[in-house]
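Enquirer: Coordinates in data30.tsv, TSV, C-alpha atoms and all ligand atoms, are listed below.
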chain	number	residue	atom	x	y	z
A	1	MET	CA	-9.28	-24.90	-40.19
A	2	THR	CA	-9.74	-21.15	-39.78
A	3	ALA	CA	-11.81	-19.93	-36.85
A	4	ILE	CA	-14.63	-17.53	-37.69
A	5	LYS	CA	-14.50	-13.96	-36.37
A	6	ILE	CA	-17.40	-13.31	-34.01
A	7	PRO	CA	-18.48	-9.65	-33.87
A	8	PRO	CA	-18.48	-8.67	-30.14
A	9	GLU	CA	-21.80	-6.83	-30.54
A	10	HIS	CA	-23.54	-9.93	-31.89
A	11	PRO	CA	-26.49	-10.69	-29.57
A	12	ARG	CA	-25.41	-14.32	-29.30
A	13	ALA	CA	-21.67	-13.63	-29.24
A	14	GLU	CA	-20.96	-15.63	-26.06
A	15	SER	CA	-22.93	-18.63	-27.27
A	16	LEU	CA	-21.09	-18.49	-30.62
A	17	ARG	CA	-17.72	-18.27	-28.85
A	18	ILE	CA	-18.54	-21.41	-26.86
A	19	ARG	CA	-19.51	-23.21	-30.08
A	20	GLU	CA	-16.27	-22.16	-31.73
A	21	LYS	CA	-14.28	-23.46	-28.77
A	22	LEU	CA	-16.00	-26.83	-29.05
A	23	VAL	CA	-15.50	-27.02	-32.82
A	24	GLU	CA	-11.82	-26.12	-32.39
A	25	HIS	CA	-11.38	-28.88	-29.79
A	26	TYR	CA	-13.37	-31.27	-31.95
A	27	HIS	CA	-10.78	-30.79	-34.69
A	28	LYS	CA	-8.00	-31.27	-32.12
A	29	GLY	CA	-9.53	-34.63	-31.16
A	30	VAL	CA	-10.60	-33.63	-27.64
A	31	VAL	CA	-14.38	-33.45	-28.24
A	32	ALA	CA	-16.29	-36.44	-29.66
A	33	THR	CA	-18.66	-35.97	-32.63
A	34	ALA	CA	-21.61	-36.75	-30.36
A	35	GLY	CA	-20.27	-34.14	-27.91
A	36	LEU	CA	-21.27	-31.45	-30.40
A	37	ILE	CA	-24.82	-32.82	-30.51
A	38	ALA	CA	-24.98	-33.05	-26.70
A	39	HIS	CA	-23.97	-29.40	-26.54
A	40	GLY	CA	-26.89	-28.51	-28.80
A	41	ARG	CA	-29.30	-30.15	-26.35
A	42	GLY	CA	-27.76	-28.11	-23.56
A	43	GLU	CA	-27.96	-24.87	-25.58
A	44	ALA	CA	-31.69	-25.32	-26.11
A	45	PHE	CA	-32.27	-25.47	-22.36
A	46	ASP	CA	-29.91	-22.56	-21.79
A	47	TYR	CA	-31.98	-20.47	-24.18
A	48	ILE	CA	-35.12	-21.30	-22.24
A	49	LEU	CA	-33.43	-20.56	-18.90
A	50	GLY	CA	-32.37	-17.10	-20.13
A	51	GLU	CA	-28.63	-17.94	-20.27
A	52	LYS	CA	-28.13	-16.85	-16.66
A	53	THR	CA	-27.27	-18.63	-13.45
A	54	THR	CA	-30.63	-18.90	-11.72
A	55	LYS	CA	-31.38	-18.84	-7.99
A	56	PRO	CA	-31.90	-22.63	-7.75
A	57	ALA	CA	-28.60	-23.11	-9.61
A	58	LEU	CA	-26.86	-20.90	-7.05
A	59	ASN	CA	-28.41	-22.88	-4.20
A	60	ALA	CA	-27.16	-26.09	-5.77
A	61	ILE	CA	-23.70	-24.57	-6.28
A	62	LYS	CA	-23.54	-23.72	-2.56
A	63	ALA	CA	-24.64	-27.26	-1.64
A	64	ALA	CA	-22.07	-28.69	-4.06
A	65	ALA	CA	-19.28	-26.57	-2.56
A	66	ALA	CA	-20.33	-27.58	0.96
A	67	THR	CA	-20.34	-31.25	-0.06
A	68	LEU	CA	-16.91	-31.06	-1.66
A	69	LEU	CA	-15.48	-29.39	1.45
A	70	THR	CA	-16.96	-31.87	3.92
A	71	THR	CA	-15.84	-35.04	2.18
A	72	GLU	CA	-12.65	-37.05	2.31
A	73	LYS	CA	-12.42	-38.36	-1.24
A	74	ALA	CA	-13.83	-36.15	-3.97
A	75	VAL	CA	-13.21	-36.77	-7.67
A	76	ILE	CA	-14.01	-34.53	-10.63
A	77	SER	CA	-14.90	-36.62	-13.68
A	78	VAL	CA	-13.92	-34.92	-16.93
A	79	ASN	CA	-15.11	-35.64	-20.48
A	80	GLY	CA	-14.17	-33.99	-23.80
A	81	ASN	CA	-16.69	-31.12	-23.67
A	82	THR	CA	-15.77	-30.24	-20.08
A	83	ALA	CA	-12.05	-30.25	-20.87
A	84	ALA	CA	-12.60	-28.09	-23.95
A	85	LEU	CA	-14.75	-25.53	-22.14
A	86	VAL	CA	-13.44	-25.25	-18.57
A	87	ALA	CA	-10.07	-27.00	-18.18
A	88	GLU	CA	-8.54	-24.20	-16.07
A	89	GLU	CA	-11.56	-23.89	-13.78
A	90	ILE	CA	-11.56	-27.66	-13.23
A	91	VAL	CA	-7.93	-27.50	-12.11
A	92	ARG	CA	-8.70	-24.56	-9.80
A	93	LEU	CA	-11.65	-26.42	-8.33
A	94	ALA	CA	-9.54	-29.54	-7.77
A	95	ASN	CA	-6.98	-27.41	-5.91
A	96	VAL	CA	-9.42	-25.51	-3.71
A	97	ALA	CA	-11.55	-28.59	-2.91
A	98	LYS	CA	-8.56	-30.98	-2.65
A	99	ALA	CA	-10.24	-33.22	-5.23
A	100	LYS	CA	-8.73	-35.57	-7.79
A	101	ILE	CA	-9.31	-35.25	-11.52
A	102	GLU	CA	-10.22	-38.32	-13.58
A	103	ALA	CA	-10.84	-38.57	-17.33
A	104	ASN	CA	-13.96	-40.60	-18.04
A	105	LEU	CA	-15.36	-40.86	-21.54
A	106	PHE	CA	-18.43	-42.40	-23.13
A	107	TYR	CA	-16.66	-42.50	-26.52
A	108	ARG	CA	-13.36	-43.72	-25.16
A	109	SER	CA	-10.16	-43.95	-27.18
A	110	PHE	CA	-6.60	-43.87	-25.95
A	111	GLU	CA	-5.82	-40.89	-28.22
A	112	ARG	CA	-8.70	-38.82	-26.86
A	113	GLU	CA	-7.91	-39.71	-23.23
A	114	LEU	CA	-4.35	-38.60	-23.81
A	115	LYS	CA	-5.41	-35.32	-25.47
A	116	ILE	CA	-7.72	-34.55	-22.53
A	117	LYS	CA	-4.95	-35.37	-20.06
A	118	GLU	CA	-2.54	-33.08	-21.94
A	119	LEU	CA	-5.09	-30.28	-22.04
A	120	LEU	CA	-5.71	-30.54	-18.29
A	121	GLU	CA	-1.99	-30.69	-17.56
A	122	LYS	CA	-1.44	-27.60	-19.69
A	123	ALA	CA	-4.10	-25.94	-17.54
A	124	GLY	CA	-2.06	-26.83	-14.43
A	125	ALA	CA	-3.29	-30.30	-13.38
A	126	ARG	CA	-0.60	-32.25	-11.52
A	127	GLU	CA	-2.30	-35.61	-11.98
A	128	VAL	CA	-5.06	-36.93	-14.24
A	129	LEU	CA	-6.41	-40.35	-13.31
A	130	GLY	CA	-8.28	-42.85	-15.46
A	131	VAL	CA	-6.09	-42.79	-18.56
A	132	SER	CA	-5.44	-46.04	-20.45
A	133	GLU	CA	-4.67	-49.01	-18.19
A	134	ASP	CA	-5.05	-46.80	-15.10
A	135	ALA	CA	-8.80	-47.25	-15.64
A	136	SER	CA	-8.55	-50.87	-14.56
A	137	ALA	CA	-11.58	-51.04	-12.23
A	138	ARG	CA	-15.21	-51.45	-13.31
A	139	ILE	CA	-18.47	-49.88	-12.16
A	140	PRO	CA	-20.94	-52.77	-11.73
A	141	GLU	CA	-24.05	-53.04	-13.95
A	142	LEU	CA	-22.84	-50.49	-16.48
A	143	GLY	CA	-22.50	-51.43	-20.16
A	144	SER	CA	-20.80	-48.35	-21.63
A	145	GLU	CA	-17.13	-47.43	-21.70
A	146	ARG	CA	-17.96	-45.08	-18.83
A	147	ARG	CA	-17.80	-48.16	-16.55
A	148	ARG	CA	-13.99	-48.19	-16.67
A	149	VAL	CA	-12.64	-46.20	-13.74
A	150	ASP	CA	-9.42	-45.67	-11.84
A	151	PRO	CA	-9.13	-47.70	-8.59
A	152	ARG	CA	-7.46	-44.65	-6.97
A	153	GLY	CA	-10.21	-42.28	-8.15
A	154	ILE	CA	-13.89	-42.73	-8.94
A	155	LEU	CA	-13.97	-46.32	-7.63
A	156	VAL	CA	-13.14	-45.26	-4.08
A	157	ALA	CA	-14.59	-41.71	-4.13
A	158	ASP	CA	-17.28	-40.56	-1.67
A	159	VAL	CA	-18.32	-37.75	-3.99
A	160	VAL	CA	-18.08	-37.55	-7.77
A	161	LEU	CA	-18.65	-34.30	-9.64
A	162	VAL	CA	-19.97	-35.16	-13.09
A	163	PRO	CA	-20.34	-32.23	-15.46
A	164	LEU	CA	-22.28	-33.27	-18.59
A	165	GLU	CA	-22.95	-36.84	-17.63
A	166	ASP	CA	-25.02	-39.71	-18.94
A	167	GLY	CA	-27.86	-40.89	-16.75
A	168	ASP	CA	-26.80	-44.54	-16.60
A	169	ARG	CA	-23.53	-43.83	-14.86
A	170	THR	CA	-25.06	-41.34	-12.45
A	171	GLU	CA	-27.54	-44.01	-11.42
A	172	ALA	CA	-24.78	-46.63	-11.09
A	173	LEU	CA	-22.60	-44.32	-8.98
A	174	VAL	CA	-25.50	-43.49	-6.67
A	175	LYS	CA	-26.22	-47.24	-6.33
A	176	MET	CA	-22.60	-47.69	-5.23
A	177	GLY	CA	-23.35	-45.31	-2.33
A	178	LYS	CA	-21.56	-42.29	-3.76
A	179	LYS	CA	-22.86	-38.74	-3.73
A	180	VAL	CA	-23.08	-37.40	-7.27
A	181	ILE	CA	-22.97	-33.71	-8.11
A	182	ALA	CA	-24.18	-33.07	-11.66
A	183	ILE	CA	-23.95	-29.95	-13.80
A	184	ASP	CA	-26.63	-30.28	-16.47
A	185	LEU	CA	-28.70	-27.66	-18.26
A	186	ASN	CA	-31.54	-30.13	-18.72
A	187	PRO	CA	-33.43	-30.50	-15.43
A	188	LEU	CA	-35.42	-33.37	-16.97
A	189	SER	CA	-32.46	-35.60	-17.87
A	190	ARG	CA	-31.95	-38.82	-15.96
A	191	THR	CA	-28.65	-37.40	-14.75
A	192	ALA	CA	-30.38	-34.34	-13.29
A	193	GLN	CA	-33.09	-36.47	-11.72
A	194	GLU	CA	-30.77	-39.14	-10.29
A	195	ALA	CA	-27.95	-36.95	-8.94
A	196	THR	CA	-27.60	-36.12	-5.25
A	197	ILE	CA	-27.06	-32.44	-6.11
A	198	THR	CA	-28.06	-31.05	-9.52
A	199	ILE	CA	-26.73	-27.73	-10.75
A	200	VAL	CA	-29.01	-26.72	-13.63
A	201	ASP	CA	-26.64	-24.32	-15.35
A	202	ASN	CA	-24.13	-24.06	-18.17
A	203	VAL	CA	-20.82	-25.63	-17.17
A	204	VAL	CA	-19.15	-22.44	-18.46
A	205	ARG	CA	-20.94	-20.30	-15.84
A	206	ALA	CA	-21.34	-22.87	-13.06
A	207	THR	CA	-17.72	-24.03	-12.78
A	208	PRO	CA	-16.12	-20.63	-12.01
A	209	LYS	CA	-18.96	-19.91	-9.56
A	210	LEU	CA	-18.33	-23.26	-7.89
A	211	VAL	CA	-14.62	-22.43	-7.55
A	212	GLU	CA	-15.44	-19.04	-6.01
A	213	THR	CA	-18.06	-20.45	-3.62
A	214	THR	CA	-15.80	-23.32	-2.53
A	215	GLY	CA	-13.04	-20.80	-1.81
A	216	LYS	CA	-15.40	-18.63	0.26
A	217	LEU	CA	-16.82	-21.53	2.26
A	218	LYS	CA	-13.48	-23.19	2.89
A	219	GLN	CA	-12.94	-21.49	6.24
A	220	ASP	CA	-16.49	-22.03	7.46
A	221	LEU	CA	-17.34	-25.70	7.89
A	222	LYS	CA	-20.24	-24.83	10.21
A	223	LYS	CA	-21.82	-22.86	7.39
A	224	CYS	CA	-21.26	-25.86	5.08
A	225	GLN	CA	-23.21	-28.10	7.44
A	226	GLU	CA	-26.00	-25.53	7.70
A	227	ILE	CA	-26.25	-25.29	3.89
A	228	LEU	CA	-26.45	-29.06	3.54
A	229	LEU	CA	-29.08	-29.34	6.26
A	230	ASN	CA	-31.32	-26.88	4.42
A	231	PHE	CA	-30.81	-28.23	0.89
A	232	ASP	CA	-33.32	-30.55	-0.77
A	233	ASN	CA	-32.34	-31.53	-4.33
A	234	LYS	CA	-35.83	-32.61	-5.42
A	235	GLU	CA	-37.30	-29.31	-4.21
A	236	ASN	CA	-34.52	-27.34	-5.84
A	237	LEU	CA	-34.93	-29.19	-9.16
A	238	ALA	CA	-38.66	-28.53	-9.03
A	239	GLU	CA	-37.85	-24.82	-8.65
A	240	SER	CA	-35.80	-24.92	-11.86
A	241	ILE	CA	-38.67	-26.55	-13.71
A	242	THR	CA	-41.17	-24.05	-12.28
A	243	LEU	CA	-38.88	-21.23	-13.37
A	244	ILE	CA	-38.91	-22.56	-16.94
A	245	LYS	CA	-42.70	-22.88	-16.82
A	246	GLU	CA	-43.16	-19.32	-15.52
A	247	ARG	CA	-40.70	-17.85	-17.96
A	248	LEU	CA	-42.39	-19.54	-20.91
A	249	SER	CA	-45.84	-18.47	-19.65
A	250	LYS	CA	-44.72	-14.84	-19.41
A	251	LEU	CA	-43.22	-15.02	-22.88
A	252	ALA	CA	-46.43	-16.49	-24.26
A	253	GLU	CA	-48.57	-13.85	-22.51
A	254	LYS	CA	-46.54	-10.81	-23.47
A	255	GLY	CA	-45.20	-12.08	-26.76
A	256	GLU	CA	-41.84	-10.49	-26.07
A	257	TYR	CA	-38.35	-11.67	-25.24
A	258	LEU	CA	-37.66	-11.53	-21.50
A	259	THR	CA	-34.39	-11.86	-19.66
A	260	LEU	CA	-34.08	-13.14	-16.12
A	261	GLU	CA	-33.08	-10.66	-13.51
A	262	ASP	CA	-29.49	-10.94	-12.34
A	263	GLU	CA	-29.32	-13.00	-9.19
A	264	LYS	CA	-26.93	-11.81	-6.52
A	265	HIS	CA	-24.45	-14.33	-5.17
A	266	GLU	CA	-25.02	-13.77	-1.49
A	267	PHE	CA	-23.77	-15.38	1.69
A	301	LIG	P1	-29.51	-38.51	-19.61
A	301	LIG	O1	-28.82	-39.76	-20.08
A	301	LIG	O2	-28.96	-38.00	-18.33
A	301	LIG	O3	-31.02	-38.57	-19.62
A	301	LIG	P2	-28.81	-37.18	-22.10
A	301	LIG	O4	-29.10	-38.41	-22.86
A	301	LIG	O5	-29.37	-35.89	-22.58
A	301	LIG	O6	-29.21	-37.30	-20.58
A	301	LIG	P3	-26.09	-36.83	-22.88
A	301	LIG	O7	-26.54	-36.59	-24.28
A	301	LIG	O8	-25.08	-37.85	-22.59
A	301	LIG	O9	-27.26	-37.04	-21.89
A	301	LIG	O10	-25.47	-35.48	-22.27
A	301	LIG	C1	-25.76	-34.24	-22.63
A	301	LIG	C2	-26.32	-33.54	-21.43
A	301	LIG	O11	-25.44	-32.48	-21.10
A	301	LIG	C3	-27.65	-32.94	-21.81
A	301	LIG	O12	-28.58	-33.17	-20.79
A	301	LIG	C4	-27.37	-31.44	-21.96
A	301	LIG	O13	-28.44	-30.68	-21.49
A	301	LIG	C5	-26.16	-31.25	-21.08
A	301	LIG	N1	-25.24	-30.20	-21.56
A	301	LIG	C6	-24.67	-30.06	-22.77
A	301	LIG	N2	-23.85	-29.01	-22.82
A	301	LIG	C7	-23.88	-28.44	-21.59
A	301	LIG	C8	-23.23	-27.33	-20.98
A	301	LIG	N3	-22.38	-26.56	-21.66
A	301	LIG	N4	-23.48	-27.07	-19.68
A	301	LIG	C9	-24.33	-27.85	-18.97
A	301	LIG	N5	-25.00	-28.90	-19.48
A	301	LIG	C10	-24.77	-29.21	-20.77
Could you express the structure from this file as structure tokens?
Ligand code: ATP

Expert:
Amino acid sequence: MTAIKIPPEHPRAESLRIREKLVEHYHKGVVATAGLIAHGRGEAFDYILGEKTTKPALNAIKAAAATLLTTEKAVISVNGNTAALVAEEIVRLANVAKAKIEANLFYRSFERELKIKELLEKAGAREVLGVSEDASARIPELGSERRRVDPRGILVADVVLVPLEDGDRTEALVKMGKKVIAIDLNPLSRTAQEATITIVDNVVRATPKLVETTGKLKQDLKKCQEILLNFDNKENLAESITLIKERLSKLAEKGEYLTLEDEKHEF
């Protein structure tokens, strides 16, 4: 398969590059067929959000970093799309937050698990949990292949970071008493609504920002506690939805294409 050449001046160059990356990893067997469709749902919301990290997303990123730093057992759950798009950032996040990495797939096959493990290891991961018979534990009340987890990882985690998740498992993990941090462009999805902390942003933008924020907050646990005390996920999610509403209203009023103002990442 030959990759297409994307002209750098193309107005949607970045979005096209992300698509190409997914298609490439689809052909390599990392991304599932349905992963391409799921990406399309995300893209639609990204378009509406203005393809920028919004203020509520930044607030959620800070709360996510503070949660990761104030917990004993954090696990980052990785699926095909996440591995294809942000393998290196996931490894960096695992290092800075002292979290474990676990492969967890809806469309599970041994070949795909292995490919994801190899991709993460190539990106620097020392250990990838949840592959093959390592996923010997079960999440109760969950029908999908997502229920199979590693007894050293997700099963015993206090916090699970779930980029691009399905709502059923988020709900099941929360029921097990775990904090769930979701990265999901759709603020209306069950995942977004059920998670403890919801980052409404593209995983491609949110993950490096989460690495950076976790690194900055690492030395300041008091600040972490302060952030968590002032964070309300329902309120923050409502802000994302309001932002969409206001942006669409402005577009409808003026009949022109608007971009969101750059938000500063301040501490
Ligand atoms: P739920 O089960 O939570 O209601 P869903 O059925 O939409 O949601 P899936 O199809 O399993 O869930 O997952 C796709 C989700 O991932 C979508 O909500 C989509 O918005 C989101 N998504 C896809 N690509 C990205 C991306 N690059 N960054 C962030 N979110 C994304």

Enquirer: Counting all atoms listed in the file, which of A:Thr67, A:Ser15, A:Ser132, A:Asn95 gets nearest to Leu229 (chain A)?

Expert: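 Closest residue, counting all atoms listed in the file: A:Thr67.
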
Enquirer: Around ligand LIG 301 (chain A), at most 6 Å away and counting all atoms listed in the file, which residues are there? Put them as a PDB file with C-alpha atoms, in the coordinates of the input, please.

Expert:
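Wrote it out as out20.pdb, contents follow:
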ATOM      1  CA  ALA A  38     -24.980 -33.050 -26.700  1.00  0.00           C
ATOM      2  CA  HIS A  39     -23.970 -29.400 -26.540  1.00  0.00           C
ATOM      3  CA  ARG A  41     -29.300 -30.150 -26.350  1.00  0.00           C
ATOM      4  CA  GLY A  42     -27.760 -28.110 -23.560  1.00  0.00           C
ATOM      5  CA  LEU A 164     -22.280 -33.270 -18.590  1.00  0.00           C
ATOM      6  CA  GLU A 165     -22.950 -36.840 -17.630  1.00  0.00           C
ATOM      7  CA  ASP A 166     -25.020 -39.710 -18.940  1.00  0.00           C
ATOM      8  CA  GLY A 167     -27.860 -40.890 -16.750  1.00  0.00           C
ATOM      9  CA  ILE A 183     -23.950 -29.950 -13.800  1.00  0.00           C
ATOM     10  CA  ASP A 184     -26.630 -30.280 -16.470  1.00  0.00           C
ATOM     11  CA  LEU A 185     -28.700 -27.660 -18.260  1.00  0.00           C
ATOM     12  CA  ASN A 186     -31.540 -30.130 -18.720  1.00  0.00           C
ATOM     13  CA  SER A 189     -32.460 -35.600 -17.870  1.00  0.00           C
ATOM     14  CA  ARG A 190     -31.950 -38.820 -15.960  1.00  0.00           C
ATOM     15  CA  THR A 191     -28.650 -37.400 -14.750  1.00  0.00           C
ATOM     16  CA  ASP A 201     -26.640 -24.320 -15.350  1.00  0.00           C
ATOM     17  CA  ASN A 202     -24.130 -24.060 -18.170  1.00  0.00           C
ATOM     18  CA  VAL A 203     -20.820 -25.630 -17.170  1.00  0.00           C
TER      19      VAL A 203
END

Enquirer: For a test of reading the model, state the distance in Å between CA of Arg17 (chain A) and CA of Gly50 (chain A), rounded to one decimal.

Expert: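 Going from CA of Arg17 (chain A) over to CA of Gly50 (chain A), I get 17.1 Å.
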
Enquirer: Identify the residues within 12 Å of coordinate (-15.1, -41.3, -3.5) (same frame as the file), considering all atoms listed in the file, and give the answer as a PyMOL selection string.

Expert: chain A and resi 67-68+71-77+99-102+149-161+173-174+176-181

Enquirer: How many Å lie between CA of Val128 (chain A) and CA of Thr53 (chain A), rounded to one decimal?

Expert: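 Between these atoms lies a distance of 28.8 Å.
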
Enquirer: Hey, what's within 12 Å of Ile241 (chain A) if we count all atoms listed in the file and toss same-chain stuff fewer than 6 positions away? As a list in words, please?

Expert: Phe45, Ile48, Leu49, Thr54, Pro56, Ala57, Leu185, Asn186, Pro187, Leu188, Ser189, Ala192, Gln193, Val200, Lys234, Glu235, Arg247 and Leu248 of chain A

Enquirer: Which residues are near Tyr26 (chain A)? Cut-off 12 Å, all atoms listed in the file, ignore same chain within fewer than 4 positions. Put them as a list in words.

Expert: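 Here the answer would be Met1, Arg19, Glu20, Lys21, Leu22, Val30, Val31, Ala32, Thr33, Ala34, Gly35, Leu36, Ile37, Gly80, Asn81, Ala83, Ala84, Leu85, Arg112, Lys115 and Ile116 of chain A.
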
Enquirer: Could you pull the residues within 7 Å of region 144-146 of chain A, counting only C-alpha atoms, minus those fewer than 3 positions along the same chain, as a ChimeraX atom specification?

Expert: /A:104-108,169

Enquirer: What's the separation between CA of Val162 (chain A) and CA of Val86 (chain A), in Å to one decimal place?

Expert: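 Computing the Euclidean distance for CA of Val162 (chain A) and CA of Val86 (chain A) yields 13.1 Å.
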
Enquirer: Compare A:Tyr47, A:Ile61, A:Phe231, A:Val96 by their minimum atom-to-atom distance to Ile244 (chain A), counting only C-alpha atoms, and give me the closest one.

Expert: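 When distances to Ile244 (chain A) are compared using only C-alpha atoms, the smallest one comes from A:Tyr47.
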
Enquirer: Residues proximal to (-17.4, -23.5, -14.7) were defined as those with any atom within 10 Å of that point in the file's coordinates, counting only C-alpha atoms. Which are they, as a list in words?

Expert: Thr82, Leu85, Val86, Ala87, Glu88, Glu89, Ile90, Leu93, Pro163, Ile183, Asp201, Asn202, Val203, Val204, Arg205, Ala206, Thr207, Pro208, Lys209, Leu210, Val211 and Glu212 of chain A

Enquirer: Compare A:Lys175, A:Lys62, A:Arg92, A:Lys117 by their minimum atom-to-atom distance to Lys216 (chain A), counting all atoms listed in the file, and give me the closest one.

Expert: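 Residue with the minimum atom-to-atom distance to Lys216 (chain A): A:Lys62.
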
Enquirer: Tell me, as a PyMOL selection string, which residues lie within 12 Å of Lys223 (chain A), counting only C-alpha atoms; anything in the same chain fewer than 3 positions away does not count.

Expert: chain A and resi 62-63+65-67+69-70+213-214+216-220+226-230+267

Enquirer: Nearest to Gly215 (chain A): which of A:Ile197, A:Leu16, A:Ala94, A:Ala182 is it, counting all atoms listed in the file?

Expert: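 So, comparing all the options, the nearest one is A:Ala94.
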